[in-house]
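**Q** Quick one, protein.txt (compact mmCIF, C-alpha atoms):
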# COMPACT_ATOMS: atom_id res chain seq x y z
CA MET F 5 -170.59 -67.96 72.15
CA GLN F 6 -167.44 -67.36 70.17
CA ILE F 7 -167.43 -65.96 66.65
CA PHE F 8 -164.50 -65.62 64.30
CA THR F 9 -163.79 -62.27 62.68
CA SER F 10 -161.25 -61.42 59.98
CA ARG F 11 -160.31 -58.13 61.67
CA PHE F 12 -160.23 -59.08 65.33
CA GLY F 13 -159.76 -62.86 65.36
CA PRO F 14 -162.00 -64.89 67.66
CA VAL F 15 -164.39 -62.74 69.70
CA GLU F 16 -166.51 -63.81 72.64
CA VAL F 17 -170.08 -62.59 72.15
CA SER F 18 -172.97 -62.73 74.59
CA ALA F 19 -176.38 -63.27 73.07
CA ASP F 20 -177.79 -60.11 74.61
CA ASN F 21 -175.19 -58.02 72.79
CA ILE F 22 -176.45 -59.07 69.38
CA PHE F 23 -178.52 -56.49 67.52
CA VAL F 24 -181.17 -57.52 65.03
CA PHE F 25 -181.52 -55.42 61.88
CA PRO F 26 -184.78 -56.69 60.37
CA GLY F 27 -184.02 -54.99 57.04
CA GLY F 28 -180.26 -55.43 57.14
CA LEU F 29 -178.22 -52.46 55.93
CA ILE F 30 -178.79 -50.81 52.56
CA GLY F 31 -176.99 -53.03 50.06
CA PHE F 32 -176.67 -55.82 52.65
CA PRO F 33 -180.31 -56.85 53.15
CA LYS F 34 -179.55 -60.40 54.26
CA THR F 35 -177.15 -59.54 57.05
CA ARG F 36 -179.51 -59.14 59.97
CA HIS F 37 -177.39 -59.81 63.04
CA PHE F 38 -174.56 -57.64 64.26
CA VAL F 39 -172.55 -57.50 67.42
CA LEU F 40 -171.23 -54.12 68.53
CA LEU F 41 -167.58 -54.13 69.50
CA THR F 42 -165.66 -51.21 70.96
CA ASP F 43 -162.32 -50.62 69.26
CA ALA F 44 -159.62 -51.64 71.76
CA ARG F 45 -157.41 -48.73 70.63
CA ASP F 46 -160.04 -46.02 70.37
CA ALA F 47 -163.19 -45.98 72.47
CA GLN F 48 -164.97 -43.60 70.11
CA VAL F 49 -164.96 -46.25 67.38
CA ILE F 50 -167.69 -48.89 67.40
CA TRP F 51 -167.36 -51.87 65.09
CA MET F 52 -170.57 -53.40 63.81
CA GLN F 53 -169.43 -56.95 63.17
CA ALA F 54 -171.78 -59.15 61.17
CA ILE F 55 -172.65 -62.49 62.77
CA GLY F 56 -172.20 -65.23 60.19
CA ASP F 57 -169.79 -63.32 57.94
CA PRO F 58 -166.35 -62.95 59.53
CA ARG F 59 -165.17 -60.46 56.90
CA LEU F 60 -168.13 -58.11 57.11
CA ALA F 61 -167.79 -55.30 59.62
CA PHE F 62 -168.46 -51.58 59.65
CA ALA F 63 -166.66 -48.96 61.66
CA ALA F 64 -169.04 -46.43 63.13
CA VAL F 65 -168.84 -43.31 65.25
CA ASN F 66 -171.24 -41.14 67.19
CA PRO F 67 -171.92 -38.15 64.90
CA SER F 68 -172.29 -35.82 67.89
CA ALA F 69 -168.59 -36.30 68.63
CA PHE F 70 -167.73 -34.63 65.32
CA VAL F 71 -170.64 -32.31 64.56
CA GLU F 72 -171.68 -29.68 67.03
CA ASN F 73 -175.42 -29.66 67.73
CA TYR F 74 -175.95 -32.70 65.54
CA GLN F 75 -179.61 -33.31 64.85
CA LEU F 76 -181.44 -35.89 62.89
CA CYS F 77 -184.69 -35.68 60.95
CA VAL F 78 -186.58 -38.96 60.88
CA ALA F 79 -190.17 -39.65 59.98
CA ALA F 80 -191.91 -41.76 62.62
CA SER F 81 -192.93 -44.12 59.83
CA GLN F 82 -189.26 -44.96 59.26
CA LEU F 83 -189.03 -46.30 62.80
CA SER F 84 -192.31 -48.09 63.21
CA PRO F 85 -191.43 -51.20 61.15
CA LEU F 86 -188.89 -52.00 63.86
CA GLY F 87 -191.21 -51.37 66.70
CA ILE F 88 -188.82 -48.60 67.68
CA ARG F 89 -190.80 -45.98 69.55
CA ALA F 90 -190.32 -42.44 68.35
CA ASN F 91 -190.26 -41.26 71.97
CA GLY F 92 -187.86 -43.95 73.16
CA THR F 93 -184.12 -43.47 73.50
CA LEU F 94 -182.27 -44.19 70.30
CA HIS F 95 -178.56 -44.23 69.72
CA VAL F 96 -177.25 -42.86 66.45
CA LEU F 97 -174.16 -44.16 64.69
CA ALA F 98 -172.65 -43.01 61.41
CA LEU F 99 -170.78 -45.54 59.28
CA VAL F 100 -167.23 -44.60 58.33
CA SER F 101 -165.55 -45.02 54.95
CA ALA F 102 -162.37 -43.79 53.27
CA HIS F 103 -162.57 -41.19 50.50
CA ASP F 104 -159.71 -39.34 48.84
CA GLY F 105 -157.36 -39.78 51.74
CA ARG F 106 -159.88 -38.92 54.38
CA LEU F 107 -162.09 -40.83 56.75
CA CYS F 108 -165.68 -39.73 56.26
CA MET F 109 -168.89 -40.55 58.09
CA ASN F 110 -172.21 -41.09 56.39
CA LEU F 111 -174.76 -38.68 57.86
CA GLN F 112 -177.27 -39.17 55.06
CA ALA F 113 -177.98 -42.75 56.11
CA PRO F 114 -177.21 -43.16 59.82
CA VAL F 115 -177.78 -46.30 61.84
CA LEU F 116 -180.30 -46.08 64.67
CA LEU F 117 -180.11 -48.45 67.61
CA ASP F 118 -182.59 -49.25 70.33
CA ARG F 119 -180.25 -50.73 72.91
CA ASP F 120 -183.05 -51.84 75.23
CA ARG F 121 -184.61 -54.04 72.59
CA ALA F 122 -181.39 -54.77 70.68
CA VAL F 123 -182.82 -53.75 67.31
CA GLY F 124 -181.43 -51.42 64.73
CA CYS F 125 -181.97 -50.02 61.29
CA GLN F 126 -180.32 -47.80 58.74
CA ILE F 127 -182.51 -44.92 57.70
CA VAL F 128 -182.26 -42.30 54.96
CA THR F 129 -182.57 -38.84 56.44
CA SER F 130 -185.14 -36.53 54.94
CA ASP F 131 -182.99 -33.41 55.20
CA GLU F 132 -179.86 -32.72 53.15
CA GLN F 133 -177.21 -34.45 55.25
CA SER F 134 -173.79 -35.25 53.86
CA LEU F 135 -172.98 -38.72 52.52
CA HIS F 136 -169.26 -38.05 53.10
CA HIS F 137 -168.68 -35.87 56.13
CA PRO F 138 -164.88 -35.73 56.69
CA ILE F 139 -163.73 -36.63 60.19
CA ALA F 140 -159.99 -37.33 59.81
CA ALA F 141 -157.12 -37.49 57.34
CA LEU F 142 -155.67 -40.87 56.46
CA PRO F 143 -151.95 -41.62 56.47
CA VAL F 144 -150.48 -41.57 52.96
CA ARG F 145 -149.90 -45.32 52.88
CA ALA F 146 -153.55 -46.07 53.61
CA TYR F 147 -154.57 -43.40 51.10
CA ARG F 148 -152.72 -45.19 48.28
CA LYS F 149 -154.27 -48.46 49.28
CA CYS F 150 -157.78 -47.03 49.02
CA ALA F 151 -157.25 -44.93 45.91
CA MET O 29 -190.01 -53.73 31.40
CA LEU O 30 -193.74 -53.18 31.58
CA VAL O 31 -194.68 -49.75 30.22
CA LEU O 32 -198.09 -48.23 31.03
CA SER O 33 -199.57 -44.89 29.98
CA ARG O 34 -201.33 -42.91 32.70
CA HIS O 35 -202.95 -39.50 32.97
CA ARG O 36 -202.70 -37.12 35.88
CA ASP O 37 -204.53 -38.47 38.98
CA GLU O 38 -204.49 -42.00 37.61
CA SER O 39 -202.70 -44.77 39.47
CA ILE O 40 -201.12 -48.14 39.13
CA ILE O 41 -201.16 -50.79 41.85
CA ILE O 42 -198.22 -53.10 42.50
CA GLY O 43 -199.06 -56.28 44.35
CA ASP O 44 -201.88 -55.86 46.83
CA ASP O 45 -200.83 -52.76 48.62
CA VAL O 46 -198.46 -50.46 46.74
CA ILE O 47 -200.23 -47.67 44.87
CA VAL O 48 -198.36 -45.20 42.68
CA THR O 49 -200.36 -42.14 41.60
CA ILE O 50 -199.42 -39.52 39.01
CA VAL O 51 -199.91 -36.37 41.06
CA ASP O 52 -198.64 -33.78 38.60
CA ILE O 53 -196.95 -33.48 35.23
CA ARG O 54 -194.96 -30.37 34.33
CA GLY O 55 -192.69 -30.46 31.29
CA ASP O 56 -190.25 -33.35 31.78
CA LYS O 57 -190.99 -33.63 35.50
CA VAL O 58 -193.55 -36.01 36.95
CA ARG O 59 -194.62 -35.96 40.58
CA LEU O 60 -195.54 -39.34 41.98
CA GLY O 61 -197.53 -40.18 45.06
CA ILE O 62 -196.63 -43.51 46.61
CA GLN O 63 -198.76 -45.37 49.11
CA ALA O 64 -196.95 -48.38 50.51
CA PRO O 65 -196.94 -50.37 53.75
CA GLN O 66 -194.51 -49.00 56.32
CA ASP O 67 -192.21 -51.99 56.03
CA ILE O 68 -191.56 -51.24 52.36
CA PRO O 69 -188.97 -48.49 52.14
CA VAL O 70 -189.33 -46.12 49.21
CA HIS O 71 -186.32 -44.12 48.06
CA ARG O 72 -185.21 -42.12 45.06
CA ARG O 73 -183.14 -44.60 43.11
CA GLU O 74 -179.99 -42.48 42.79
CA VAL O 75 -180.01 -41.73 46.53
CA TYR O 76 -180.48 -45.40 47.39
CA GLU O 77 -177.70 -46.50 45.02
CA ALA O 78 -175.31 -43.88 46.37
CA ILE O 79 -175.90 -45.17 49.90
CA GLN O 80 -175.43 -48.76 48.71
CA ARG O 81 -172.05 -47.82 47.23
CA GLU O 82 -171.15 -45.94 50.39
CA ASN O 83 -171.99 -48.95 52.56
CA ARG O 84 -169.90 -51.25 50.38
CA LYS O 85 -167.01 -48.83 50.71
CA ALA O 86 -167.53 -48.63 54.46
CA ALA O 87 -167.30 -52.43 54.66
CA GLN O 88 -163.70 -52.21 53.43
CA VAL O 89 -162.43 -50.06 56.30
CA GLN O 90 -159.78 -51.78 58.41
CA PRO O 91 -158.88 -51.11 62.06
CA ASP O 92 -155.52 -49.54 61.12
CA GLU O 93 -157.26 -46.85 59.11
CA MET O 94 -159.47 -45.95 62.06
CA GLN O 95 -156.32 -45.11 64.02
CA SER O 96 -156.20 -41.89 62.02
CA LEU O 97 -158.97 -40.55 64.25
CA THR O 98 -156.69 -40.42 67.27
CA LYS O 99 -153.31 -40.06 65.56
CA PRO O 100 -153.36 -37.10 63.21
CA ASN O 101 -150.61 -37.51 60.61
CA LYS O 102 -148.30 -34.92 59.15
CA ALA O 103 -148.81 -35.85 55.52
CA ASN O 104 -152.24 -34.31 55.27
CA GLU O 105 -151.75 -31.28 57.45
As structure tokens, what does this structure read like?
**A**
Amino acid sequence: MQIFTSRFGPVEVSADNIFVFPGGLIGFPKTRHFVLLTDARDAQVIWMQAIGDPRLAFAAVNPSAFVENYQLCVAASQLSPLGIRANGTLHVLALVSAHDGRLCMNLQAPVLLDRDRAVGCQIVTSDEQSLHHPIAALPVRAYRKCA
Amino acid sequence: MLVLSRHRDESIIIGDDVIVTIVDIRGDKVRLGIQAPQDIPVHRREVYEAIQRENRKAAQVQPDEMQSLTKPNKANE
């Protein structure tokens, strides 16, 4: 099927590439379906595009690409509502936002994905992970826009 | 807002299955024990609200900004 997106225009989406987030994201509880798109200009950037809201999308990165020996503390109870198995393979993404002229990733509340079952959730880590972990500087023009 | 007085080790129950127990009281600090079904997330309010704000901010990021990951710029060096 084809969906329209404000950032990328029309995008062809196959049904098996749609992830279900039963609880949505924190602050976006009603948005339960996302398609994962790889950024055409940068393969390390994944866009979580909401199905049903063309303007809603989140840029995400793999934290391990920016933090050496990245580890995540999750209680098994945080995964069980999704049917995600604690011993299964999960992919971790950190959402990216702009702060004070820098791109930062959110390690305090990463997104976990079970690609086999196409389900995901955003969890709050139980250790003291950074909400704004800097990963890059923004050009000055973009900095003014976000300030 | 409903206001209830409770002693240490007393509880309140919310709905059928959320139980909040006063575990300890020391000065102006109260320790709460919360028993809730696994599909009901429980967070400290300020942590939850900070993450909400962060997610809303993240939703504003545009593809051009993400280019900064691969193209370091002179202005911030």
**Q** Kindly provide, as a PyMOL selection string, the residues of chain O having any atom no farther than 10 Å from an atom of chain F, counting all atoms listed in the file.
**A** chain O and resi 65-71+75-105
**Q** Mind checking which residues fall within 9 Å of F:Cys77, counting all atoms listed in the file, ignoring those fewer than 3 positions away in the same chain, and posting them as JSON, numbers by chain?
**A** {"F": [129, 130, 131]}
**Q** Report, in Å with one decimal, the straight-line distance from atom CA of F:Ile7 to atom CA of F:Asn21.
**A**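 So the answer is 12.7 Å.
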**Q** What is the atom CA of F:Met5-atom CA of F:Gly92 distance in Å, reported with one decimal?
**A** 29.6 Å
**Q** Which one is closest to O:Val46: O:Val58, O:Ser33, O:Gln63, O:Arg72? Count all atoms listed in the file.
**A**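 Of all the options, O:Gln63 lies closest to O:Val46.
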**Q** For stretch 35-41 of chain O, list every protein, DNA or RNA residue within 8 Å, evaluated using only C-alpha atoms, and leave out those in the same chain fewer than 3 positions away; present the list as a list in words.
**A** Asp44, Asp45, Val46, Ile47, Val48, Thr49, Ile50, Val51, Asp52 and Ile53 of chain O
**Q** What is the distance, in Å and to one decimal place, between atom CA of F:Asp120 and atom CA of F:Pro58?
**A** 25.5 Å
